[in-house]
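coords11.cif (mmCIF, C-alpha atoms)
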data_query
loop_
_atom_site.label_atom_id
_atom_site.label_comp_id
_atom_site.auth_asym_id
_atom_site.auth_seq_id
_atom_site.Cartn_x
_atom_site.Cartn_y
_atom_site.Cartn_z
CA MET G 91 142.72 64.35 118.53
CA GLU G 92 142.79 60.60 119.19
CA ILE G 93 143.95 58.65 122.23
CA ASP G 94 144.71 54.92 122.17
CA PHE G 95 145.09 53.26 125.56
CA ARG G 96 146.95 50.06 126.34
CA LYS G 97 148.36 48.46 129.46
CA GLU G 98 152.05 47.58 129.77
CA GLY G 99 153.04 46.17 133.16
CA ARG G 100 151.74 48.57 135.76
CA ALA G 101 151.73 51.50 133.34
CA GLN G 102 148.75 52.71 131.39
CA ILE G 103 150.09 53.99 128.07
CA ALA G 104 148.10 56.69 126.32
CA SER G 105 149.21 57.37 122.74
CA VAL G 106 147.95 60.78 121.67
CA LYS G 107 147.65 61.78 118.02
CA GLY G 108 146.75 65.08 116.35
CA ARG G 109 146.25 68.32 118.24
CA ILE G 110 145.60 69.32 121.82
CA ASP G 111 144.34 72.88 121.51
CA ALA G 112 141.69 75.01 123.18
CA VAL G 113 138.99 73.03 121.35
CA THR G 114 140.24 69.48 122.00
CA ALA G 115 141.88 69.94 125.44
CA PRO G 116 138.62 69.39 127.40
CA GLU G 117 138.09 66.02 125.67
CA PHE G 118 141.72 65.01 126.30
CA GLU G 119 141.40 65.96 129.97
CA LYS G 120 138.09 64.13 130.36
CA LYS G 121 139.43 60.88 128.88
CA MET G 122 142.57 60.98 131.00
CA LEU G 123 140.62 61.71 134.19
CA GLU G 124 138.32 58.77 133.41
CA VAL G 125 141.37 56.48 133.31
CA ILE G 126 142.48 57.79 136.70
CA GLU G 127 138.95 57.27 138.04
CA GLN G 128 139.22 53.66 136.88
CA GLY G 129 142.21 53.20 139.19
CA GLU G 130 145.25 53.77 136.97
CA ARG G 131 148.08 55.47 138.88
CA THR G 132 151.06 55.28 136.53
CA ILE G 133 150.28 56.95 133.24
CA LEU G 134 152.70 57.25 130.37
CA ILE G 135 151.65 59.65 127.63
CA ASN G 136 153.25 58.82 124.29
CA MET G 137 153.35 62.04 122.26
CA SER G 138 155.08 60.74 119.14
CA GLY G 139 151.90 61.34 117.13
CA LEU G 140 151.07 64.70 118.67
CA GLU G 141 151.58 67.52 116.18
CA TYR G 142 150.44 70.52 118.19
CA ILE G 143 149.87 71.54 121.77
CA SER G 144 148.89 74.95 123.14
CA SER G 145 148.71 76.28 126.69
CA ALA G 146 145.16 74.89 126.87
CA GLY G 147 146.70 71.42 126.55
CA LEU G 148 149.35 72.29 129.13
CA ARG G 149 146.61 73.31 131.55
CA SER G 150 144.92 69.94 131.04
CA ILE G 151 148.21 68.16 131.71
CA LEU G 152 148.60 70.10 134.96
CA THR G 153 145.08 69.08 136.00
CA ILE G 154 145.83 65.43 135.22
CA ALA G 155 149.16 65.55 137.09
CA LYS G 156 147.53 67.19 140.10
CA LYS G 157 144.78 64.57 140.21
CA LEU G 158 147.33 61.75 139.94
CA LYS G 159 149.52 63.26 142.65
CA ALA G 160 146.53 63.40 144.98
CA GLU G 161 146.07 59.67 144.35
CA ASN G 162 149.81 58.92 144.85
CA GLY G 163 150.27 58.39 141.14
CA GLU G 164 152.45 60.00 138.49
CA VAL G 165 152.38 60.92 134.81
CA PHE G 166 155.34 60.51 132.44
CA PHE G 167 155.91 61.71 128.89
CA VAL G 168 157.49 59.95 125.94
CA ALA G 169 158.73 60.91 122.47
CA LEU G 170 157.96 64.60 122.25
CA GLN G 171 158.39 65.91 118.72
CA GLY G 172 159.36 69.27 117.20
CA ALA G 173 156.90 72.00 118.11
CA VAL G 174 155.46 70.03 121.03
CA GLU G 175 158.90 69.61 122.59
CA GLU G 176 159.56 73.33 122.06
CA VAL G 177 156.33 74.26 123.89
CA PHE G 178 157.30 71.93 126.76
CA LYS G 179 160.68 73.67 127.01
CA ILE G 180 159.30 77.22 126.78
CA SER G 181 156.77 76.53 129.51
CA GLY G 182 159.24 74.78 131.83
CA PHE G 183 157.35 71.45 131.67
CA HIS G 184 160.61 69.68 130.84
CA SER G 185 161.86 70.41 134.33
CA ILE G 186 158.54 69.70 136.10
CA PHE G 187 157.85 66.30 134.51
CA LYS G 188 159.88 63.22 133.62
CA VAL G 189 160.28 63.02 129.86
CA PHE G 190 161.73 59.98 128.07
CA ASP G 191 162.90 59.39 124.50
CA SER G 192 161.07 56.09 124.09
CA GLU G 193 158.48 53.89 125.77
CA LYS G 194 161.20 51.28 126.32
CA SER G 195 163.44 53.65 128.30
CA ALA G 196 160.46 54.97 130.24
CA LEU G 197 159.22 51.50 131.18
CA GLU G 198 162.70 50.50 132.34
CA LYS G 199 162.94 53.46 134.70
CA ILE G 200 159.47 53.94 136.16
CA MET L 33 146.39 97.46 102.87
CA GLU L 34 144.36 94.53 101.58
CA ILE L 35 141.99 92.62 103.87
CA LEU L 36 142.26 88.90 103.13
CA GLY L 37 139.67 87.73 105.62
CA GLU L 38 137.84 88.87 108.72
CA ILE L 39 135.66 87.38 111.43
CA GLN L 40 133.72 88.94 114.30
CA LYS L 41 132.24 86.87 117.12
CA PRO L 42 130.96 87.49 120.65
CA ALA L 43 133.87 87.75 123.09
CA SER L 44 133.20 84.51 124.93
CA ILE L 45 134.83 81.12 125.42
CA GLU L 46 132.06 79.58 123.28
CA SER L 47 133.41 81.52 120.27
CA LEU L 48 136.88 80.04 120.53
CA SER L 49 136.15 77.05 118.32
CA SER L 50 134.78 79.08 115.41
CA LEU L 51 137.48 81.76 115.79
CA MET L 52 140.21 79.11 115.66
CA GLY L 53 138.52 77.38 112.71
CA PHE L 54 138.67 80.67 110.81
CA VAL L 55 142.30 81.27 111.84
CA GLU L 56 143.40 77.77 110.76
CA ASN L 57 141.63 78.18 107.44
CA GLN L 58 143.30 81.55 106.77
CA ILE L 59 146.74 80.34 107.84
CA GLY L 60 146.27 77.20 105.74
CA MET L 61 146.07 79.41 102.64
CA MET L 62 149.42 81.08 103.37
CA GLN L 63 152.35 79.80 101.36
CA PHE L 64 154.43 78.80 104.37
CA ARG L 65 155.98 75.52 105.38
CA ASP L 66 153.87 73.44 107.74
CA GLU L 67 155.95 74.13 110.88
CA HIS L 68 155.70 77.89 110.36
CA ARG L 69 151.93 77.70 109.87
CA LYS L 70 151.60 75.72 113.12
CA ASN L 71 153.64 78.34 114.98
CA ILE L 72 151.50 81.22 113.69
CA CYS L 73 148.35 79.31 114.61
CA LEU L 74 149.76 78.63 118.09
CA ALA L 75 150.59 82.31 118.65
CA VAL L 76 147.07 83.42 117.66
CA GLU L 77 145.48 80.73 119.85
CA GLU L 78 147.56 81.84 122.84
CA ALA L 79 146.50 85.47 122.26
CA LEU L 80 142.83 84.43 122.11
CA ASN L 81 143.24 82.32 125.26
CA ASN L 82 144.75 85.33 127.02
CA ILE L 83 141.94 87.65 125.95
CA LEU L 84 139.06 85.26 126.60
CA TYR L 85 140.33 83.71 129.85
CA HIS L 86 142.33 86.55 131.40
CA GLY L 87 141.30 89.81 129.73
CA ASP L 88 138.69 91.96 131.37
CA ILE L 89 136.29 91.72 128.44
CA ASP L 90 132.81 93.16 128.54
CA ARG L 91 130.15 90.52 128.00
CA GLY L 92 128.06 91.43 125.01
CA THR L 93 131.01 92.87 123.09
CA ASP L 94 132.75 91.24 120.16
CA ILE L 95 136.20 90.09 119.25
CA ASN L 96 137.44 90.71 115.74
CA ILE L 97 140.23 88.97 113.82
CA ALA L 98 141.43 90.37 110.51
CA PHE L 99 144.05 88.93 108.16
CA LYS L 100 145.66 91.66 106.09
CA LEU L 101 148.41 92.06 103.52
CA ASP L 102 150.39 95.30 103.82
CA ASN L 103 152.15 97.29 101.11
CA LEU L 104 155.45 95.52 101.88
CA GLY L 105 153.86 92.13 101.23
CA ARG L 106 153.80 91.18 104.92
CA PHE L 107 150.88 89.38 106.53
CA LEU L 108 149.26 91.15 109.47
CA ILE L 109 146.96 89.35 111.87
CA VAL L 110 145.02 91.92 113.87
CA ILE L 111 143.01 90.89 116.94
CA THR L 112 140.71 93.57 118.38
CA ASP L 113 138.68 93.39 121.57
CA TYR L 114 136.63 95.94 123.49
CA GLY L 115 137.66 95.05 127.02
CA ALA L 116 139.55 97.05 129.64
CA PRO L 117 143.16 97.91 128.78
CA PHE L 118 145.08 94.63 128.70
CA ASN L 119 148.60 94.52 127.35
CA MET L 120 149.29 90.79 127.44
CA LEU L 121 152.80 91.38 126.10
CA LEU L 122 153.80 92.58 129.57
CA SER L 123 152.47 89.59 131.45
CA ASP L 124 155.73 87.65 131.33
CA VAL L 125 158.06 90.60 131.97
CA LEU L 126 156.40 92.58 134.78
CA PRO L 127 158.17 92.29 138.14
CA ASP L 128 156.23 90.19 140.65
CA GLU L 129 155.21 93.17 142.81
CA MET L 130 153.39 94.67 139.84
CA LYS L 131 151.40 91.55 139.09
CA ASP L 132 148.09 90.52 140.52
CA SER L 133 147.06 86.88 140.47
CA LYS L 134 144.79 87.30 137.47
CA LYS L 135 147.40 89.01 135.31
CA ASP L 136 150.09 86.54 136.37
CA ARG L 137 148.38 83.57 134.82
CA PRO L 138 148.78 84.39 131.12
CA ALA L 139 152.58 84.38 131.41
CA ILE L 140 152.99 80.94 129.81
CA SER L 141 150.71 81.82 126.90
CA THR L 142 152.60 85.06 126.37
CA ARG L 143 155.97 83.32 126.54
CA ILE L 144 154.87 80.77 123.92
CA MET L 145 153.40 83.51 121.73
CA LYS L 146 156.55 85.64 121.79
CA ARG L 147 158.80 82.66 121.09
CA VAL L 148 156.99 81.58 117.95
CA VAL L 149 156.19 85.01 116.45
CA LYS L 150 158.85 87.70 116.85
CA ASP L 151 156.97 90.81 115.75
CA ILE L 152 153.92 91.48 117.95
CA GLU L 153 152.58 94.95 118.75
CA TYR L 154 149.95 96.07 121.27
CA LYS L 155 148.00 99.30 120.94
CA ARG L 156 145.19 100.81 122.99
CA LEU L 157 143.07 102.91 120.68
CA GLU L 158 139.51 104.24 120.97
CA ASN L 159 138.72 101.96 123.92
CA LYS L 160 139.93 98.91 122.02
CA ASN L 161 142.82 96.53 122.63
CA ILE L 162 144.55 95.93 119.31
CA LEU L 163 147.13 93.18 119.01
CA THR L 164 148.98 92.90 115.71
CA PHE L 165 151.15 89.99 114.58
CA THR L 166 153.38 90.85 111.64
CA ILE L 167 154.48 87.83 109.62
CA PRO L 168 157.15 88.47 107.01
CA ARG L 169 156.97 86.56 103.75
CA LEU L 170 159.70 83.93 103.77
#

Output the file's structure in the form of structure tokens.
Amino acid sequence: MEIDFRKEGRAQIASVKGRIDAVTAPEFEKKMLEVIEQGERTILINMSGLEYISSAGLRSILTIAKKLKAENGEVFFVALQGAVEEVFKISGFHSIFKVFDSEKSALEKI
Amino acid sequence: MEILGEIQKPASIESLSSLMGFVENQIGMMQFRDEHRKNICLAVEEALNNILYHGDIDRGTDINIAFKLDNLGRFLIVITDYGAPFNMLLSDVLPDEMKDSKKDRPAISTRIMKRVVKDIEYKRLENKNILTFTIPRL
């Protein structure tokens, strides 16, 4: 699992590649929480390169979202693909979080 | 019934990485398209998460995963643990009044597992929880 961070306006964009599973979820969560600790409050997670996510990854996302909410921030999701989108739908995350097709459409609306 | 591969590790969170490494390796050898392999892997990971995080497992016992090929040419993935009776397949269908907070939590894992693999069976036998995924050859 790899995460590339870059700043676009007021949003911190995190592009995630590979897998977020029971083994890599703690690292994903740690890196995202570090970004929040550094003061970022609007986080956009680009999942176009994410091939696999399990409930361990979903738990990390909930932790990140909860932390951001406590700091008056919010997390958004972009470009979910195939199996990852299916897991989001099965788990109801599609209705809990704002999901966009592209970074461009997300940045226009947030 | 032919055993294709088997692993036994202590039933603890620390074993998850090596258990999943074994599972990915075994599934990688199956002649399935990539998406199907990912789904099988996801189902097994969710089952292991359920057992290790939510099952009432006895510390000091093991968890066993066996990949088998049955006489009909189907792949069986059999996960055995020695904890208290725990039928995770019920965790997303039990009415709320029958759930306690601990058993409620695996519902998402179970929902994902059932969506990606259709044929899953739970048995309680000789003080063991036995979960079997049956994967037909495509």

Using the chain letters and numbers from this file, what does the PyMOL selection byres ((chain G and resi 129-134) around 8) select? Give the answer as a list in words.
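What the PyMOL selection byres ((chain G and resi 129-134) around 8) grabs from the file is Arg100, Ala101, Gln102, Ile103, Ala104, Val125, Ile126, Glu127, Gln128, Ile135, Asn136, Leu158, Glu161, Asn162, Gly163, Glu164, Val165, Phe166, Phe167 and Val168 of chain G.
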
Selection under test: the PyMOL selection byres ((chain L) within 7 of (chain G)); residues as number ranges by chain:
L: 49, 74, 78, 140-141, 143-144

Taking all atoms listed in the file into account, name the residue in L:Val148, L:Val76, L:Leu163, L:Leu101 that is nearest to Phe118 of chain L.
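For Phe118 of chain L, the nearest of the candidates is L:Leu163.
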
Any idea what's packed within 10 Å of segment 60-65 of chain L, counting all atoms listed in the file, ignoring anything in its chain fewer than 6 positions away? Could you give it as a list in words?
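The contact residues come out as Phe54, Cys73, Phe107, Arg169 and Leu170 of chain L.
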
Tell me which protein, DNA and RNA residues are within 7 Å of segment 98-100 of chain L, counting only C-alpha atoms, leaving out same-chain ones fewer than 4 positions away, and put them as a PyMOL selection string.
chain L and resi 33-39+107-111

I need the residue nearest Lys150 of chain L from this list: L:Ile167, L:Ile59, L:Leu84, L:Leu51. Use all atoms listed in the file for the distance.
L:Ile167

If the PyMOL selection byres ((chain L and resi 153) around 8) were run on this exact file, what residues would it hold? Put them as a PyMOL selection string.
chain L and resi 151-152+154-155+163-165

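Atom pair atom CA of Ser138 of chain G / atom CA of Leu48 of chain L: separated by 26.6 Å.
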
What is the distance between atom CA of Ile72 of chain L and atom CA of Lys41 of chain L, in Å to one decimal?
20.4 Å

Please fill the gaps in segment 103-116 of chain G so it has N, CA, C and O atoms, and write that as an mmCIF file, in the frame of the given file.
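Now in selection-v4.cif:
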data_model
loop_
_atom_site.group_PDB
_atom_site.id
_atom_site.type_symbol
_atom_site.label_atom_id
_atom_site.label_comp_id
_atom_site.auth_asym_id
_atom_site.auth_seq_id
_atom_site.Cartn_x
_atom_site.Cartn_y
_atom_site.Cartn_z
ATOM 1 N N ILE G 103 149.487 53.163 129.113
ATOM 2 C CA ILE G 103 150.090 53.990 128.070
ATOM 3 C C ILE G 103 149.001 54.630 127.230
ATOM 4 O O ILE G 103 148.117 53.946 126.708
ATOM 5 N N ALA G 104 149.065 55.949 127.135
ATOM 6 C CA ALA G 104 148.100 56.690 126.320
ATOM 7 C C ALA G 104 148.855 57.300 125.143
ATOM 8 O O ALA G 104 149.724 58.155 125.333
ATOM 9 N N SER G 105 148.560 56.820 123.942
ATOM 10 C CA SER G 105 149.210 57.370 122.740
ATOM 11 C C SER G 105 148.286 58.429 122.142
ATOM 12 O O SER G 105 147.175 58.123 121.719
ATOM 13 N N VAL G 106 148.779 59.654 122.118
ATOM 14 C CA VAL G 106 147.950 60.780 121.670
ATOM 15 C C VAL G 106 148.358 61.186 120.254
ATOM 16 O O VAL G 106 149.551 61.341 119.966
ATOM 17 N N LYS G 107 147.364 61.363 119.393
ATOM 18 C CA LYS G 107 147.650 61.780 118.020
ATOM 19 C C LYS G 107 146.883 63.059 117.690
ATOM 20 O O LYS G 107 145.782 63.271 118.204
ATOM 21 N N GLY G 108 147.467 63.888 116.829
ATOM 22 C CA GLY G 108 146.750 65.080 116.350
ATOM 23 C C GLY G 108 147.098 66.322 117.128
ATOM 24 O O GLY G 108 148.266 66.633 117.322
ATOM 25 N N ARG G 109 146.062 67.020 117.598
ATOM 26 C CA ARG G 109 146.250 68.320 118.240
ATOM 27 C C ARG G 109 145.579 68.365 119.601
ATOM 28 O O ARG G 109 144.481 67.867 119.766
ATOM 29 N N ILE G 110 146.277 68.975 120.562
ATOM 30 C CA ILE G 110 145.600 69.320 121.820
ATOM 31 C C ILE G 110 145.592 70.838 121.886
ATOM 32 O O ILE G 110 146.602 71.475 122.205
ATOM 33 N N ASP G 111 144.473 71.416 121.517
ATOM 34 C CA ASP G 111 144.340 72.880 121.510
ATOM 35 C C ASP G 111 143.154 73.264 122.388
ATOM 36 O O ASP G 111 142.591 72.431 123.114
ATOM 37 N N ALA G 112 142.768 74.531 122.311
ATOM 38 C CA ALA G 112 141.690 75.010 123.180
ATOM 39 C C ALA G 112 140.388 74.242 122.923
ATOM 40 O O ALA G 112 139.557 74.106 123.811
ATOM 41 N N VAL G 113 140.228 73.732 121.704
ATOM 42 C CA VAL G 113 138.990 73.030 121.350
ATOM 43 C C VAL G 113 139.022 71.576 121.833
ATOM 44 O O VAL G 113 138.037 71.058 122.353
ATOM 45 N N THR G 114 140.172 70.914 121.677
ATOM 46 C CA THR G 114 140.240 69.480 122.000
ATOM 47 C C THR G 114 140.729 69.186 123.422
ATOM 48 O O THR G 114 140.568 68.055 123.905
ATOM 49 N N ALA G 115 141.326 70.181 124.090
ATOM 50 C CA ALA G 115 141.880 69.940 125.440
ATOM 51 C C ALA G 115 140.835 69.410 126.431
ATOM 52 O O ALA G 115 141.150 68.490 127.196
ATOM 53 N N PRO G 116 139.596 69.925 126.436
ATOM 54 C CA PRO G 116 138.620 69.390 127.400
ATOM 55 C C PRO G 116 138.363 67.893 127.209
ATOM 56 O O PRO G 116 138.225 67.149 128.183
#
